[in-house]
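Working notes, structure below.
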Amino acid sequence: MCGTDSPASINKSSLPSANGNDTGSPTCSPDHVLNLEQGDPAVFESYWRKMGDRCTMVISGSQLMSYISDFTNICWFMEPEFEEAVRRLHRVVGNAVVDDRYIVVGTGSTQLYQAALYALTSPGGPEPVSVVSAAPYYSSYPDETDYLCSRLYKWAGDAYEFDKNGTGSYIEVVNSPNNPDGTLREAVVKNRGDEGKLIHDLAYYWPQYTPIIRPADHDIMTFTFSKSTGHAGSRIGWAVVKDKEIARKMSKFIEMCTLGVSKDSQQRAAKIMGVLCGGYQNCKSANKSDDLFFEHTRQIMAERWERLRQVVERNQVFCLPKYPKQYCLFSGELIEPHPGFAWLEAKEEEEIDSQKVLRGSIKVQGRTGRRFGVAEKYVRISLLCNEEEFKEFLERLSTIKSMTSNGH
Ligand code: PMP
């Protein structure tokens, strides 16, 4: 579990209280370790709380009992309502081409990543296919790729290195915007014809994080309910796939792993996506933009980034990436990205271990750059936490004066 962005163990004190406010979150005493290592999307809870009962649904004991959803679909365990909701959501946002594309549902995009690796490789090849991604890459790719010691594929590290020295068949994973550093990315391995295949992980290609610069149109694109609306606990992801055979193989993989994907979760996801999209149809003209999911959450992320940059600039210990403004087709404005993670780089010394310093001096747990394939002077901090935790993080960060004086 420690390889993923998911909590290694669930701490009940970090669960929101039943009355719907944040008072059940961790007490922010100075001794408490503030865990900002995982990207658990609590930041979006306040929006859905505001929506009250609009997303509530009732499932009776006799509903959704069958394994099967639609045998005429390649992805026979996908609920038709879910597929429709996914296509509608992409049409509303304009972040991906979905016409004449296959949709495959998965238990999170984590399962779809593995399904895609399986679909892009064939048994009996001379060697396992190399899987690469440009550093800093999402820290789960190496673990997820090698966990089962597959003979079909193996993790081969940084795509820039592979571009220089690597040989043979490869799969490049392009994560855009990139976790951890928030940059918009393209493939880096120069096209080698049939030897290379691409998976585009577009978990964060949504308007609250980044300008939507074009409808993405790649062979395999994966998305997740976790980072689009914030419903990580439903474990729903989907892939948009150009090629029928690839969609079939991905579905087969999921059939072999889990014999489908929870229908309850698919139905709940369809309902929530429907409410989100309905908001755009009903509210935009009425100019009630605070009721609209992406406007509301983009505002929260923009404010968090402004407050974070002020603290980081004032204490001069770390620096943050600068992101160019780009024209967003969704909002019709020039906007700056506001990634879900802060990618902090220590200014002072090359050799410093930033994760250790943050943990030792202000009891903030981030994730070291080493896990993302780069130096330990980098540390990733989740900005998707609840407001109380975010405020506490800024207060603690503002007390750091220098890496060495505060250190170990
Ligand atoms: N890709 C990236 C880049 C992610 O950050 C995450 C979640 N941390 C995932 C995939 C997996 O998401 P899911 O919850 O859908 O498995």
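If you're wondering about the labels, chains in the structure tokens are A, B, ... by order shown, residues count from 1 in each chain, ligands from 1 in order shown.
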
* **DSSP-assigned alpha helix (DSSP H) among stretch 124-288 of chain A, expressed as a count of residues only** => 54

* Asked: Please, which residues have at least one atom within 9 Å of an atom of ligand 1, using only C-alpha atoms and all ligand atoms, listed as a PyMOL selection string?
  -> chain A and resi 4-6+38-40+106-113+137-141+175-180+201-204+222-227+231-238

* Interatomic distance between atom CA of A:Phe293 and atom CA of A:Leu320? ->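 Those two atoms sit 26.7 Å apart.
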
* Asked: Which is closer to A:Pro80 than all the others in A:Ser361, A:Ser133, A:Gln266, A:Asn386, using only C-alpha atoms?
  -> A:Gln266

* Backbone-only DSSP, strand (DSSP E or B) members of stretch 179-332 of chain A, as a ChimeraX atom specification -> /A:196-201,216,220-224,236-241,318-319,326-328

* To do: Write out as a PyMOL selection string the residues lying within 10 Å of A:His90, counting only C-alpha atoms and excluding same-chain residues fewer than 5 positions away.
  => chain A and resi 85+95-98+206+215+277

Could you turn the residues from that selection into a file that holds all heavy atoms, as an mmCIF file, in the first residue's frame?
```cif
data_model
loop_
_atom_site.group_PDB
_atom_site.id
_atom_site.type_symbol
_atom_site.label_atom_id
_atom_site.label_comp_id
_atom_site.auth_asym_id
_atom_site.auth_seq_id
_atom_site.Cartn_x
_atom_site.Cartn_y
_atom_site.Cartn_z
ATOM 1 N N ALA A 85 -23.111 8.901 -18.734
ATOM 2 C CA ALA A 85 -22.692 10.008 -17.855
ATOM 3 C C ALA A 85 -21.249 10.423 -18.154
ATOM 4 O O ALA A 85 -20.916 11.611 -18.155
ATOM 5 C CB ALA A 85 -22.851 9.597 -16.396
ATOM 6 N N ASN A 95 -12.687 18.126 -22.403
ATOM 7 C CA ASN A 95 -11.295 17.732 -22.156
ATOM 8 C C ASN A 95 -10.873 16.449 -22.870
ATOM 9 O O ASN A 95 -9.700 16.083 -22.814
ATOM 10 C CB ASN A 95 -11.029 17.609 -20.643
ATOM 11 C CG ASN A 95 -11.913 16.561 -19.982
ATOM 12 O OD1 ASN A 95 -12.927 16.143 -20.549
ATOM 13 N ND2 ASN A 95 -11.538 16.143 -18.787
ATOM 14 N N ALA A 96 -11.815 15.774 -23.527
ATOM 15 C CA ALA A 96 -11.431 14.553 -24.256
ATOM 16 C C ALA A 96 -12.435 14.268 -25.364
ATOM 17 O O ALA A 96 -13.637 14.510 -25.206
ATOM 18 C CB ALA A 96 -11.368 13.363 -23.303
ATOM 19 N N VAL A 97 -11.909 13.746 -26.461
ATOM 20 C CA VAL A 97 -12.771 13.302 -27.557
ATOM 21 C C VAL A 97 -13.400 11.972 -27.159
ATOM 22 O O VAL A 97 -12.680 11.040 -26.782
ATOM 23 C CB VAL A 97 -11.935 13.125 -28.851
ATOM 24 C CG1 VAL A 97 -12.768 12.509 -29.963
ATOM 25 C CG2 VAL A 97 -11.336 14.462 -29.274
ATOM 26 N N VAL A 98 -14.725 11.901 -27.213
ATOM 27 C CA VAL A 98 -15.380 10.628 -26.847
ATOM 28 C C VAL A 98 -16.237 10.050 -27.981
ATOM 29 O O VAL A 98 -16.682 8.907 -27.895
ATOM 30 C CB VAL A 98 -16.247 10.750 -25.562
ATOM 31 C CG1 VAL A 98 -15.380 10.810 -24.323
ATOM 32 C CG2 VAL A 98 -17.192 11.932 -25.615
ATOM 33 N N TRP A 206 -8.629 18.277 -15.555
ATOM 34 C CA TRP A 206 -9.945 18.828 -15.232
ATOM 35 C C TRP A 206 -9.772 20.301 -14.868
ATOM 36 O O TRP A 206 -8.705 20.697 -14.363
ATOM 37 C CB TRP A 206 -10.573 18.052 -14.060
ATOM 38 C CG TRP A 206 -10.816 16.614 -14.413
ATOM 39 C CD1 TRP A 206 -10.022 15.550 -14.094
ATOM 40 C CD2 TRP A 206 -11.903 16.084 -15.201
ATOM 41 N NE1 TRP A 206 -10.552 14.388 -14.614
ATOM 42 C CE2 TRP A 206 -11.704 14.685 -15.303
ATOM 43 C CE3 TRP A 206 -13.022 16.643 -15.827
ATOM 44 C CZ2 TRP A 206 -12.579 13.850 -15.999
ATOM 45 C CZ3 TRP A 206 -13.891 15.800 -16.518
ATOM 46 C CH2 TRP A 206 -13.669 14.431 -16.599
ATOM 47 N N PRO A 215 -9.331 19.297 -26.551
ATOM 48 C CA PRO A 215 -9.901 17.987 -26.204
ATOM 49 C C PRO A 215 -8.827 16.924 -26.464
ATOM 50 O O PRO A 215 -8.347 16.808 -27.600
ATOM 51 C CB PRO A 215 -11.081 17.819 -27.168
ATOM 52 C CG PRO A 215 -11.224 19.127 -27.888
ATOM 53 C CD PRO A 215 -9.925 19.868 -27.784
ATOM 54 N N CYS A 277 -23.220 17.814 -14.300
ATOM 55 C CA CYS A 277 -23.480 18.311 -15.664
ATOM 56 C C CYS A 277 -24.784 19.100 -15.722
ATOM 57 O O CYS A 277 -24.863 20.124 -16.412
ATOM 58 C CB CYS A 277 -23.550 17.153 -16.664
ATOM 59 S SG CYS A 277 -21.983 16.326 -16.879
#
```

* **Interatomic distance (Å, one decimal) between atom CA of A:Ser62 and atom CA of A:Lys252** => 27.3 Å

* Please provide as a ChimeraX atom specification all residues within 8 Å of stretch 65-70 of chain A, with the sequence filter that same-chain residues fewer than 6 positions apart are discarded (counting only C-alpha atoms). => /A:76-80,259-260

* Asked: atom CA of A:Leu152 and atom CA of A:Arg192 are how many Å apart?
  ->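 Computing it gives 19.5 Å between the two atoms.
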
* **stretch 42-45 of chain A surroundings by only C-alpha atoms, 6 Å radius, close-in-sequence under 3 positions cut, as a ChimeraX atom specification** => /A:48,230,384-386

* Using only C-alpha atoms, which of the listed residues (A:Val241, A:Ala187, A:Asp291, A:Glu37) sits closest to A:Arg49? ->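 That would be A:Asp291, the residue with the smallest distance to A:Arg49.
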
* Quick one: residues within 9 Å of A:Lys347, only C-alpha atoms counted, chain neighbours fewer than 3 positions away excluded, as a PyMOL selection string? -> chain A and resi 316-319+350+377+403

All residues 8 Å or closer to A:Arg380, only C-alpha atoms, same chain fewer than 6 positions away omitted, as a CSV table (one decimal) with N, CA, C and O atoms, in the first residue's frame:
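Saved file part_13.csv follows:
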```csv
chain,number,residue,atom,x,y,z
A,37,GLU,N,0.9,13.3,2.7
A,37,GLU,CA,1.7,12.4,1.8
A,37,GLU,C,0.7,11.9,0.7
A,37,GLU,O,1.1,11.8,-0.5
A,180,PRO,N,4.0,14.4,-9.8
A,180,PRO,CA,3.9,15.4,-8.8
A,180,PRO,C,4.0,16.9,-9.2
A,180,PRO,O,3.6,17.7,-8.4
A,341,PHE,N,-1.0,19.1,-6.1
A,341,PHE,CA,0.2,18.9,-5.2
A,341,PHE,C,1.1,20.1,-5.3
A,341,PHE,O,1.3,20.7,-6.4
A,342,ALA,N,1.8,20.4,-4.2
A,342,ALA,CA,2.9,21.3,-4.2
A,342,ALA,C,4.2,20.6,-4.4
A,342,ALA,O,4.4,19.6,-3.6
A,343,TRP,N,5.0,20.9,-5.3
A,343,TRP,CA,6.2,20.2,-5.6
A,343,TRP,C,7.3,21.2,-5.1
A,343,TRP,O,7.7,22.1,-5.8
A,344,LEU,N,7.7,21.0,-3.9
A,344,LEU,CA,8.6,21.9,-3.2
A,344,LEU,C,10.1,21.5,-3.5
A,344,LEU,O,10.4,20.3,-3.3
A,366,GLY,N,5.5,14.7,4.0
A,366,GLY,CA,5.3,14.7,2.5
A,366,GLY,C,5.9,13.5,1.9
A,366,GLY,O,6.2,12.5,2.6
A,367,ARG,N,6.0,13.5,0.6
A,367,ARG,CA,6.7,12.3,-0.1
A,367,ARG,C,7.9,12.8,-0.8
A,367,ARG,O,7.9,13.7,-1.6
A,368,THR,N,9.0,12.1,-0.5
A,368,THR,CA,10.3,12.5,-1.1
A,368,THR,C,10.4,12.4,-2.6
A,368,THR,O,9.8,11.5,-3.2
A,369,GLY,N,11.2,13.3,-3.2
A,369,GLY,CA,11.4,13.2,-4.6
A,369,GLY,C,12.0,11.9,-5.1
A,369,GLY,O,11.7,11.5,-6.2
```

* Asked: Looking at only C-alpha atoms, which of A:Val261, A:Ile171, A:Gln365, A:Met250 is the one that sits closest to A:Ala119?
  ->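 Distance minimum relative to A:Ala119 lands on A:Met250.
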